[in-house]
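Structure data follow from structure-v1.txt (compact mmCIF, C-alpha atoms):
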```
# COMPACT_ATOMS: atom_id res chain seq x y z
CA MET A 1 0.00 0.00 0.00
CA THR A 2 2.89 2.37 0.70
CA SER A 3 3.72 2.45 -3.02
CA ASP A 4 0.18 3.35 -4.10
CA LEU A 5 0.46 7.11 -3.61
CA PRO A 6 3.87 7.60 -5.30
CA PHE A 7 2.67 5.59 -8.30
CA ALA A 8 -0.59 7.59 -8.44
CA LEU A 9 1.32 10.87 -8.26
CA THR A 10 3.58 9.70 -11.08
CA LEU A 11 0.52 8.85 -13.16
CA GLY A 12 -0.82 12.33 -12.49
CA ALA A 13 2.42 13.92 -13.70
CA ILE A 14 2.42 11.80 -16.86
CA THR A 15 -1.20 12.67 -17.52
CA PHE A 16 -0.42 16.37 -17.14
CA LEU A 17 2.38 16.17 -19.70
CA LEU A 18 0.28 14.26 -22.22
CA THR A 19 -2.65 16.64 -21.77
CA ALA A 20 -0.49 19.75 -22.13
CA ILE A 21 1.31 18.38 -25.20
CA TRP A 22 -1.79 17.65 -27.25
CA GLY A 23 -3.66 20.66 -25.95
CA GLY A 24 -2.14 23.10 -28.45
CA PRO A 25 -3.16 21.16 -31.57
CA PHE A 26 -6.55 20.47 -29.98
CA VAL A 27 -7.23 24.19 -29.46
CA GLU A 28 -6.29 24.86 -33.08
CA ILE A 29 -8.66 22.13 -34.29
CA LEU A 30 -11.53 23.67 -32.29
CA ARG A 31 -10.74 27.09 -33.78
CA ARG A 32 -10.81 25.75 -37.33
CA LEU A 33 -14.09 23.94 -36.64
CA ARG A 34 -15.43 27.21 -35.17
CA ILE A 35 -16.55 25.52 -31.97
CA GLY A 36 -16.58 28.76 -30.00
CA LYS A 37 -18.29 29.82 -26.82
CA GLN A 38 -21.59 31.68 -27.01
CA ILE A 39 -22.36 34.01 -24.10
CA ARG A 40 -25.72 34.28 -22.37
CA GLU A 41 -27.10 37.81 -22.51
CA SER A 42 -27.65 37.88 -18.73
CA LEU A 43 -23.93 37.60 -17.90
CA PRO A 44 -21.75 40.59 -16.91
CA GLN A 45 -20.65 42.71 -19.87
CA GLY A 46 -16.99 41.76 -19.46
CA HIS A 47 -17.77 38.22 -20.60
CA PHE A 48 -18.81 39.25 -24.11
CA ALA A 49 -15.16 39.72 -25.03
CA LYS A 50 -14.86 35.93 -24.69
CA VAL A 51 -17.33 35.15 -27.46
CA GLY A 52 -15.83 32.70 -29.91
CA THR A 53 -13.19 31.30 -27.53
CA PRO A 54 -12.93 27.54 -28.21
CA THR A 55 -15.11 25.46 -25.90
CA MET A 56 -15.59 21.72 -25.25
CA GLY A 57 -12.14 21.73 -23.63
CA GLY A 58 -13.33 18.99 -21.31
CA ILE A 59 -12.41 16.58 -24.09
CA LEU A 60 -8.81 17.55 -23.37
CA ILE A 61 -9.34 16.10 -19.87
CA LEU A 62 -11.51 13.09 -20.65
CA VAL A 63 -9.42 11.54 -23.42
CA PRO A 64 -6.15 11.20 -21.42
CA VAL A 65 -8.05 9.97 -18.34
CA LEU A 66 -9.87 7.36 -20.41
CA LEU A 67 -6.79 6.14 -22.30
CA ILE A 68 -4.42 5.97 -19.32
CA THR A 69 -6.97 4.30 -17.06
CA LEU A 70 -7.83 1.66 -19.64
CA MET A 71 -4.16 1.03 -20.49
CA LEU A 72 -3.44 0.38 -16.82
CA ASN A 73 -6.26 -2.11 -16.46
CA VAL A 74 -6.83 -3.75 -19.86
CA ALA A 75 -4.38 -6.60 -19.27
CA ARG A 76 -5.91 -7.39 -15.90
CA LEU A 77 -9.45 -7.33 -17.27
CA LEU A 78 -8.54 -9.53 -20.24
CA GLN A 79 -7.32 -12.10 -17.73
CA THR A 80 -10.69 -11.78 -15.92
CA ASP A 81 -8.87 -10.39 -12.90
CA LEU A 82 -11.51 -8.09 -11.43
CA THR A 83 -9.50 -6.84 -8.47
CA GLY A 84 -9.24 -3.40 -10.03
CA SER A 85 -12.68 -3.29 -11.60
CA SER A 86 -13.82 -0.59 -9.18
CA ILE A 87 -11.89 1.99 -11.22
CA LEU A 88 -14.26 1.35 -14.14
CA MET A 89 -17.25 2.76 -12.26
CA PRO A 90 -16.09 6.40 -11.98
CA LEU A 91 -14.62 6.05 -15.48
CA ALA A 92 -17.96 4.90 -16.91
CA VAL A 93 -19.75 7.76 -15.15
CA LEU A 94 -17.15 10.21 -16.46
CA VAL A 95 -17.67 9.05 -20.04
CA GLY A 96 -21.47 8.88 -19.82
CA PHE A 97 -21.89 12.38 -18.44
CA GLY A 98 -19.19 13.60 -20.81
CA VAL A 99 -21.21 12.43 -23.81
CA LEU A 100 -24.28 14.22 -22.44
CA GLY A 101 -22.22 17.38 -21.91
CA ALA A 102 -20.82 17.17 -25.45
CA ILE A 103 -24.33 17.05 -26.90
CA ASP A 104 -25.28 20.05 -24.75
CA ASP A 105 -22.20 22.00 -25.85
CA LEU A 106 -22.82 21.32 -29.53
CA GLU A 107 -26.42 22.45 -29.22
CA GLY A 108 -25.22 25.65 -27.53
CA VAL A 109 -22.64 26.34 -30.22
CA ARG A 110 -25.20 25.79 -32.97
CA GLY A 111 -27.59 28.17 -31.21
CA VAL A 112 -30.57 25.89 -31.85
CA ARG A 113 -32.61 27.40 -29.03
CA VAL A 114 -31.25 30.52 -27.28
CA ARG A 115 -27.82 32.10 -27.56
CA GLY A 116 -25.45 30.23 -25.24
CA GLU A 117 -28.05 27.62 -24.26
CA GLY A 118 -27.84 23.91 -25.09
CA ILE A 119 -30.44 21.18 -24.72
CA ARG A 120 -33.48 21.80 -22.54
CA ALA A 121 -32.83 21.71 -18.79
CA ARG A 122 -35.56 19.13 -18.22
CA THR A 123 -34.12 16.82 -20.87
CA LYS A 124 -30.59 17.17 -19.51
CA PHE A 125 -31.70 16.58 -15.93
CA SER A 126 -33.68 13.48 -16.91
CA ALA A 127 -30.66 12.01 -18.69
CA GLN A 128 -28.48 12.76 -15.67
CA ALA A 129 -30.96 11.10 -13.33
CA VAL A 130 -31.16 7.93 -15.43
CA MET A 131 -27.37 7.55 -15.64
CA ALA A 132 -26.91 8.34 -11.94
CA LEU A 133 -29.55 5.82 -10.92
CA ALA A 134 -27.92 3.16 -13.10
CA ALA A 135 -24.51 3.85 -11.53
CA ALA A 136 -25.97 3.75 -8.02
CA LEU A 137 -27.68 0.41 -8.71
CA VAL A 138 -24.46 -1.10 -10.06
CA MET A 139 -22.46 0.07 -7.03
CA SER A 140 -25.16 -1.25 -4.74
CA LEU A 141 -25.84 -4.64 -6.32
CA VAL A 142 -22.49 -5.79 -7.74
CA ALA A 143 -20.59 -7.76 -5.13
CA GLY A 144 -16.94 -6.82 -4.57
CA GLY A 145 -14.91 -3.89 -5.81
CA PHE A 146 -16.96 -1.22 -4.05
CA GLN A 147 -15.94 -1.68 -0.46
CA ASN A 148 -17.77 1.31 1.02
CA SER A 149 -20.94 1.32 -1.09
CA ASN A 150 -24.29 0.97 0.67
CA GLY A 151 -23.08 2.94 3.65
CA VAL A 152 -21.47 6.05 5.08
CA TYR A 153 -18.72 6.99 7.50
CA LEU A 154 -19.90 9.28 10.27
CA PRO A 155 -17.72 12.40 10.62
CA LEU A 156 -15.46 12.55 13.70
CA SER A 157 -15.99 8.83 14.15
CA ALA A 158 -14.55 5.62 12.74
CA ARG A 159 -18.05 4.17 12.59
CA PHE A 160 -19.32 2.95 9.22
CA VAL A 161 -23.11 2.72 8.99
CA GLU A 162 -24.63 0.43 6.39
CA LEU A 163 -27.81 1.67 4.74
CA PRO A 164 -30.59 -0.35 3.12
CA VAL A 165 -30.40 -0.43 -0.67
CA TRP A 166 -33.73 1.38 -1.01
CA ILE A 167 -32.30 4.30 1.00
CA TRP A 168 -28.74 4.33 -0.33
CA VAL A 169 -29.55 4.16 -4.05
CA PRO A 170 -31.71 7.34 -4.19
CA ILE A 171 -29.16 9.18 -2.03
CA ALA A 172 -26.31 8.05 -4.29
CA ALA A 173 -28.17 9.06 -7.46
CA PHE A 174 -28.95 12.48 -5.96
CA ILE A 175 -25.30 13.02 -4.99
CA ILE A 176 -24.05 12.19 -8.49
CA VAL A 177 -26.57 14.50 -10.19
CA ALA A 178 -26.12 17.30 -7.65
CA THR A 179 -22.33 17.21 -7.82
CA SER A 180 -22.40 17.13 -11.62
CA ASN A 181 -24.50 20.28 -11.73
CA ALA A 182 -22.51 21.93 -8.94
CA VAL A 183 -19.24 21.66 -10.89
CA ASN A 184 -21.11 22.75 -14.02
CA PHE A 185 -22.23 25.98 -12.32
CA THR A 186 -18.69 26.56 -11.03
CA ASP A 187 -17.33 26.57 -14.57
CA GLY A 188 -17.81 30.22 -15.44
CA LEU A 189 -14.51 32.05 -14.96
CA ASP A 190 -11.03 31.47 -16.35
CA GLY A 191 -9.20 28.87 -14.25
CA LEU A 192 -11.89 28.57 -11.58
CA SER A 193 -13.38 25.14 -12.12
CA GLY A 194 -10.09 23.42 -13.00
CA VAL A 195 -8.32 24.24 -9.74
CA ILE A 196 -11.38 23.70 -7.56
CA THR A 197 -12.11 20.32 -9.16
CA ALA A 198 -8.47 19.23 -8.94
CA SER A 199 -8.36 20.08 -5.22
CA THR A 200 -11.45 17.95 -4.52
CA PHE A 201 -9.97 14.97 -6.37
CA VAL A 202 -6.71 15.37 -4.44
CA ALA A 203 -8.70 15.27 -1.21
CA TYR A 204 -10.59 12.12 -2.15
CA GLY A 205 -7.40 10.58 -3.53
CA VAL A 206 -5.82 10.96 -0.09
CA ILE A 207 -8.94 9.54 1.56
CA ALA A 208 -8.92 6.56 -0.82
CA GLN A 209 -5.24 6.01 0.02
CA LEU A 210 -6.09 5.89 3.73
CA GLN A 211 -8.65 3.19 2.94
CA GLY A 212 -6.29 1.16 0.80
CA GLN A 213 -8.32 1.67 -2.40
CA SER A 214 -5.25 1.81 -4.64
CA PHE A 215 -7.14 1.82 -7.94
CA LEU A 216 -9.34 4.68 -6.82
CA VAL A 217 -6.24 6.61 -5.75
CA GLN A 218 -4.85 6.16 -9.27
CA PHE A 219 -8.04 7.41 -10.87
CA CYS A 220 -8.19 10.51 -8.67
CA PHE A 221 -4.64 11.62 -9.44
CA ILE A 222 -4.96 10.84 -13.15
CA VAL A 223 -7.91 13.26 -13.15
CA VAL A 224 -5.85 15.82 -11.20
CA GLY A 225 -3.05 15.63 -13.77
CA ALA A 226 -5.53 16.07 -16.64
CA CYS A 227 -7.13 19.07 -14.91
CA PHE A 228 -3.72 20.71 -14.51
CA GLY A 229 -2.98 20.07 -18.18
CA PHE A 230 -6.27 21.71 -19.10
CA LEU A 231 -5.43 24.69 -16.87
CA TRP A 232 -2.35 25.33 -19.02
CA TYR A 233 -4.81 26.58 -21.66
CA ASN A 234 -7.59 27.78 -19.36
CA ALA A 235 -5.49 30.20 -17.27
CA HIS A 236 -6.56 33.83 -17.62
CA PRO A 237 -6.99 34.96 -20.34
CA ALA A 238 -8.35 31.58 -21.36
CA GLN A 239 -7.52 30.04 -24.72
CA LEU A 240 -10.00 27.24 -24.05
CA PHE A 241 -13.17 26.72 -22.01
CA MET A 242 -14.12 23.46 -20.34
CA GLY A 243 -17.73 23.32 -21.46
CA ASP A 244 -20.37 20.91 -20.18
CA VAL A 245 -18.47 17.97 -21.64
CA GLY A 246 -15.92 18.52 -18.90
CA SER A 247 -17.83 20.03 -16.01
CA LEU A 248 -20.78 17.61 -16.02
CA ALA A 249 -18.42 14.64 -16.35
CA LEU A 250 -15.97 15.72 -13.65
CA GLY A 251 -18.75 16.56 -11.21
CA ALA A 252 -20.48 13.21 -11.69
CA ALA A 253 -17.17 11.34 -11.34
CA LEU A 254 -16.41 13.29 -8.16
CA GLY A 255 -19.76 12.30 -6.66
CA THR A 256 -19.10 8.68 -7.58
CA VAL A 257 -15.66 8.72 -5.96
CA ALA A 258 -17.12 10.24 -2.79
CA LEU A 259 -19.70 7.44 -2.65
CA MET A 260 -17.06 4.76 -3.19
CA THR A 261 -15.04 6.04 -0.23
CA GLY A 262 -18.12 6.18 1.98
CA GLN A 263 -17.10 9.72 2.96
CA TRP A 264 -19.87 11.49 1.09
CA LEU A 265 -21.03 13.40 4.16
CA LEU A 266 -17.77 15.36 3.81
CA LEU A 267 -18.52 16.23 0.18
CA PRO A 268 -20.28 19.56 0.94
CA LEU A 269 -17.13 20.64 2.81
CA ILE A 270 -14.51 19.25 0.43
CA ALA A 271 -16.43 20.69 -2.54
CA LEU A 272 -17.53 23.83 -0.69
CA ILE A 273 -17.23 26.16 -3.69
CA PRO A 274 -19.25 24.01 -6.14
CA VAL A 275 -21.87 23.35 -3.46
CA SER A 276 -22.14 27.08 -2.73
CA GLU A 277 -22.49 27.80 -6.44
CA VAL A 278 -25.38 25.37 -6.96
CA ILE A 279 -27.11 26.47 -3.75
CA SER A 280 -26.93 30.09 -4.92
CA VAL A 281 -28.72 29.12 -8.14
CA VAL A 282 -31.40 27.15 -6.31
CA LEU A 283 -32.00 30.00 -3.85
CA GLN A 284 -32.08 32.58 -6.65
CA VAL A 285 -34.63 30.63 -8.69
CA GLY A 286 -36.77 29.82 -5.65
CA TYR A 287 -36.78 33.39 -4.37
CA PHE A 288 -37.50 34.74 -7.85
CA ARG A 289 -40.59 32.53 -8.13
CA LEU A 290 -41.83 33.19 -4.60
CA THR A 291 -41.51 36.97 -4.92
CA HIS A 292 -42.48 37.12 -8.61
CA GLY A 293 -39.25 38.74 -9.73
CA GLY A 294 -37.19 39.41 -6.61
CA ARG A 295 -33.49 38.52 -6.42
CA LEU A 296 -31.29 37.38 -3.54
CA PHE A 297 -28.10 37.85 -5.56
CA ARG A 298 -27.23 40.37 -8.24
CA ILE A 299 -26.80 37.39 -10.56
CA ALA A 300 -26.31 33.66 -10.02
CA PRO A 301 -24.17 31.53 -9.85
CA LEU A 302 -22.31 33.03 -6.92
CA HIS A 303 -19.09 33.96 -8.74
CA HIS A 304 -21.01 36.31 -11.04
CA HIS A 305 -22.58 37.98 -8.00
CA PHE A 306 -19.12 38.94 -6.74
CA GLU A 307 -18.17 40.18 -10.20
CA GLU A 308 -21.22 42.44 -10.21
CA SER A 309 -20.28 43.58 -6.69
CA GLY A 310 -17.00 45.01 -7.95
CA TRP A 311 -14.48 42.17 -7.70
CA SER A 312 -12.35 41.59 -10.78
CA GLU A 313 -12.45 38.17 -12.42
CA THR A 314 -8.95 37.43 -11.12
CA GLN A 315 -9.93 38.39 -7.57
CA VAL A 316 -12.99 36.15 -7.63
CA VAL A 317 -11.05 33.19 -9.02
CA GLN A 318 -8.09 33.43 -6.68
CA ARG A 319 -10.19 34.00 -3.57
CA PHE A 320 -12.43 31.08 -4.49
CA TRP A 321 -9.27 28.98 -4.99
CA LEU A 322 -8.14 29.80 -1.45
CA VAL A 323 -11.48 28.91 0.09
CA GLY A 324 -11.79 25.74 -1.99
CA ILE A 325 -8.31 24.44 -1.19
CA LEU A 326 -8.62 25.19 2.51
CA SER A 327 -12.05 23.54 2.75
CA ALA A 328 -10.68 20.44 1.01
CA MET A 329 -7.82 20.34 3.54
CA VAL A 330 -10.28 20.53 6.44
CA GLY A 331 -12.32 17.74 4.87
CA VAL A 332 -9.25 15.49 4.69
CA ALA A 333 -8.45 16.35 8.31
CA LEU A 334 -11.91 15.22 9.37
CA ALA A 335 -11.46 12.00 7.41
CA LEU A 336 -8.14 11.43 9.22
CA ILE A 337 -9.86 11.87 12.58
CA SER A 338 -12.45 9.26 11.66
```
Go ahead and express the file in the form of structure tokens.
Amino acid sequence: MTSDLPFALTLGAITFLLTAIWGGPFVEILRRLRIGKQIRESLPQGHFAKVGTPTMGGILILVPVLLITLMLNVARLLQTDLTGSSILMPLAVLVGFGVLGAIDDLEGVRGVRVRGEGIRARTKFSAQAVMALAAALVMSLVAGGFQNSNGVYLPLSARFVELPVWIWVPIAAFIIVATSNAVNFTDGLDGLSGVITASTFVAYGVIAQLQGQSFLVQFCFIVVGACFGFLWYNAHPAQLFMGDVGSLALGAALGTVALMTGQWLLLPLIALIPVSEVISVVLQVGYFRLTHGGRLFRIAPLHHHFEESGWSETQVVQRFWLVGILSAMVGVALALIS
């Protein structure tokens, strides 16, 4: 077990290099295909300068993660050795939600409905719910490989509480969908989502290491390396945006990893920024409907509220980084206590 973390960190470094190397040609391909970002009219005026910036950059993350993970495990799976099969669950969720996000991005680029909008929210949510429910059922019903499924660790305690399938499955599906949308709402400023997402995967990679889930540790740090490679092109001023293909996929995979560690009660703390972003949207929409037009925030998600309050984009991003990294550190500390 002592060699798990160094190997996972090495995989993360390799993934970063591969992602950064093919990122330049990938950006150029997106430019030539004119797959550029469309901006919603409700966003702050400063964002309209970003119109046309290549989007669907999440592909830059998903492809290396998929290839490296499969290369590490294909020989074992061909020999019907299922000891590392648990890594395929977050990978399958990553790919499934990535495909949904890609469809949404392409619809937004084409401008089929409204400028900057993709497929209908109800359709997207239904697809997310179906995939999340399927993933939860697999984790719940397949014996072996998912050592902490069907239960939860209680914070500040080493106690693991098993939950009935009929309780755990709906909770698990909700967590996957909620986390997917939370990361999606966080993806709105240059460099914001990449660093925040990477910090959450580092946290759960450490937690998985403490539990001896070596294959899950590998997956987490492969994702971290890919996120850092993406940030090479997403740093302000961004040459590339993540798009739903990345944010929906990474959020869903994060929720799945949290469930597989059994430490999903710590998720709102470890992913404090994404959770705050999605809560701000829910509160804004609810308050708007209750008051027939009132607003709690100048604009939601939360990062745009701070922009409208006078913070520069760089200030918002860097301050959110600080809060996100510190909250992830506290989450790991609580996991260590338990």
Which residues are near Glu313 in chain A? Cut-off 9 Å, only C-alpha atoms, ignore same chain within fewer than 2 positions. Put them as a PDB file with C-alpha atoms, in the coordinates of the input.
```
ATOM      1  CA  LEU A 189     -14.510  32.050 -14.960  1.00  0.00           C
ATOM      2  CA  ASP A 190     -11.030  31.470 -16.350  1.00  0.00           C
ATOM      3  CA  HIS A 236      -6.560  33.830 -17.620  1.00  0.00           C
ATOM      4  CA  HIS A 303     -19.090  33.960  -8.740  1.00  0.00           C
ATOM      5  CA  HIS A 304     -21.010  36.310 -11.040  1.00  0.00           C
ATOM      6  CA  PHE A 306     -19.120  38.940  -6.740  1.00  0.00           C
ATOM      7  CA  GLU A 307     -18.170  40.180 -10.200  1.00  0.00           C
ATOM      8  CA  TRP A 311     -14.480  42.170  -7.700  1.00  0.00           C
ATOM      9  CA  GLN A 315      -9.930  38.390  -7.570  1.00  0.00           C
ATOM     10  CA  VAL A 316     -12.990  36.150  -7.630  1.00  0.00           C
ATOM     11  CA  VAL A 317     -11.050  33.190  -9.020  1.00  0.00           C
ATOM     12  CA  GLN A 318      -8.090  33.430  -6.680  1.00  0.00           C
TER      13      GLN A 318
END
```
Which polymer residues have any atom within 6 Å of an atom of Gly229 in chain A, counting all atoms listed in the file, with same-chain residues fewer than 6 positions away left out, as a list in words?
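Result of the neighbour search: Phe16, Thr19 and Ala20 of chain A.
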Which is closer to Gln213 in chain A than all the others in A:Met56, A:Leu240, A:Met260, A:Ala102, using all atoms listed in the file?
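Using all atoms listed in the file, Gln213 in chain A sits closest to A:Met260.
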Mind checking which residues fall within 6 Å of range 263-278 of chain A, counting only C-alpha atoms, ignoring those fewer than 6 positions away in the same chain, and posting them as a list in words?
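Using only C-alpha atoms, the neighbours found are Tyr153, Ala182, Val183, Thr186, Thr200, Pro301, Leu302, Gly324, Ser327, Ala328 and Gly331 of chain A.
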At what distance in Å, to one decimal, does CA of Ala178 in chain A lie from CA of Ser140 in chain A?
18.8 Å
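Considering all atoms listed in the file, the residue among A:Ala13, A:Leu192, A:Leu70, A:Thr256 positioned nearest to Ala134 in chain A is A:Thr256.
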Is there a way to complete range 126-153 of chain A with N, CA and C atoms and then write that out as a compact mmCIF listing (two decimals), in the coordinates of the input?
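After the write, result_39.txt holds the following:
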```
# COMPACT_ATOMS: atom_id res chain seq x y z
N SER A 126 -33.14 14.85 -16.82
CA SER A 126 -33.68 13.48 -16.91
C SER A 126 -32.59 12.49 -17.30
N ALA A 127 -31.76 12.88 -18.27
CA ALA A 127 -30.66 12.01 -18.69
C ALA A 127 -29.66 11.81 -17.55
N GLN A 128 -29.37 12.87 -16.82
CA GLN A 128 -28.48 12.76 -15.67
C GLN A 128 -29.04 11.80 -14.63
N ALA A 129 -30.33 11.93 -14.35
CA ALA A 129 -30.96 11.10 -13.33
C ALA A 129 -30.92 9.63 -13.71
N VAL A 130 -31.18 9.32 -14.97
CA VAL A 130 -31.16 7.93 -15.43
C VAL A 130 -29.76 7.34 -15.28
N MET A 131 -28.73 8.06 -15.73
CA MET A 131 -27.37 7.55 -15.64
C MET A 131 -26.92 7.43 -14.19
N ALA A 132 -27.29 8.39 -13.35
CA ALA A 132 -26.91 8.34 -11.94
C ALA A 132 -27.58 7.18 -11.23
N LEU A 133 -28.83 6.94 -11.54
CA LEU A 133 -29.55 5.82 -10.92
C LEU A 133 -28.93 4.49 -11.34
N ALA A 134 -28.56 4.38 -12.61
CA ALA A 134 -27.92 3.16 -13.10
C ALA A 134 -26.59 2.92 -12.37
N ALA A 135 -25.79 3.98 -12.22
CA ALA A 135 -24.51 3.85 -11.53
C ALA A 135 -24.71 3.46 -10.07
N ALA A 136 -25.69 4.06 -9.43
CA ALA A 136 -25.97 3.75 -8.02
C ALA A 136 -26.40 2.29 -7.86
N LEU A 137 -27.22 1.80 -8.78
CA LEU A 137 -27.68 0.41 -8.71
C LEU A 137 -26.52 -0.56 -8.90
N VAL A 138 -25.62 -0.24 -9.83
CA VAL A 138 -24.46 -1.10 -10.06
C VAL A 138 -23.58 -1.14 -8.80
N MET A 139 -23.29 0.03 -8.24
CA MET A 139 -22.46 0.07 -7.03
C MET A 139 -23.12 -0.66 -5.88
N SER A 140 -24.44 -0.64 -5.84
CA SER A 140 -25.16 -1.25 -4.74
C SER A 140 -25.30 -2.76 -4.88
N LEU A 141 -25.47 -3.24 -6.11
CA LEU A 141 -25.84 -4.64 -6.32
C LEU A 141 -24.68 -5.55 -6.72
N VAL A 142 -23.62 -4.97 -7.32
CA VAL A 142 -22.49 -5.79 -7.74
C VAL A 142 -21.61 -6.09 -6.53
N ALA A 143 -21.39 -7.36 -6.29
CA ALA A 143 -20.59 -7.76 -5.13
C ALA A 143 -19.10 -7.55 -5.42
N GLY A 144 -18.38 -7.00 -4.44
CA GLY A 144 -16.94 -6.82 -4.57
C GLY A 144 -16.58 -5.57 -5.36
N GLY A 145 -15.42 -5.02 -5.04
CA GLY A 145 -14.91 -3.89 -5.81
C GLY A 145 -15.36 -2.54 -5.32
N PHE A 146 -16.43 -2.49 -4.55
CA PHE A 146 -16.96 -1.22 -4.05
C PHE A 146 -17.08 -1.34 -2.53
N GLN A 147 -15.97 -1.27 -1.85
CA GLN A 147 -15.94 -1.68 -0.46
C GLN A 147 -16.77 -0.80 0.47
N ASN A 148 -17.03 0.44 0.12
CA ASN A 148 -17.77 1.31 1.02
C ASN A 148 -19.12 1.75 0.44
N SER A 149 -19.60 1.04 -0.57
CA SER A 149 -20.94 1.32 -1.09
C SER A 149 -21.98 0.80 -0.09
N ASN A 150 -23.18 1.35 -0.22
CA ASN A 150 -24.29 0.97 0.67
C ASN A 150 -24.08 1.43 2.11
N GLY A 151 -23.27 2.46 2.29
CA GLY A 151 -23.08 2.94 3.65
C GLY A 151 -22.40 4.29 3.68
N VAL A 152 -22.08 4.73 4.91
CA VAL A 152 -21.47 6.05 5.08
C VAL A 152 -20.65 6.06 6.36
N TYR A 153 -19.51 6.74 6.30
CA TYR A 153 -18.72 6.99 7.50
C TYR A 153 -19.27 8.23 8.19
```
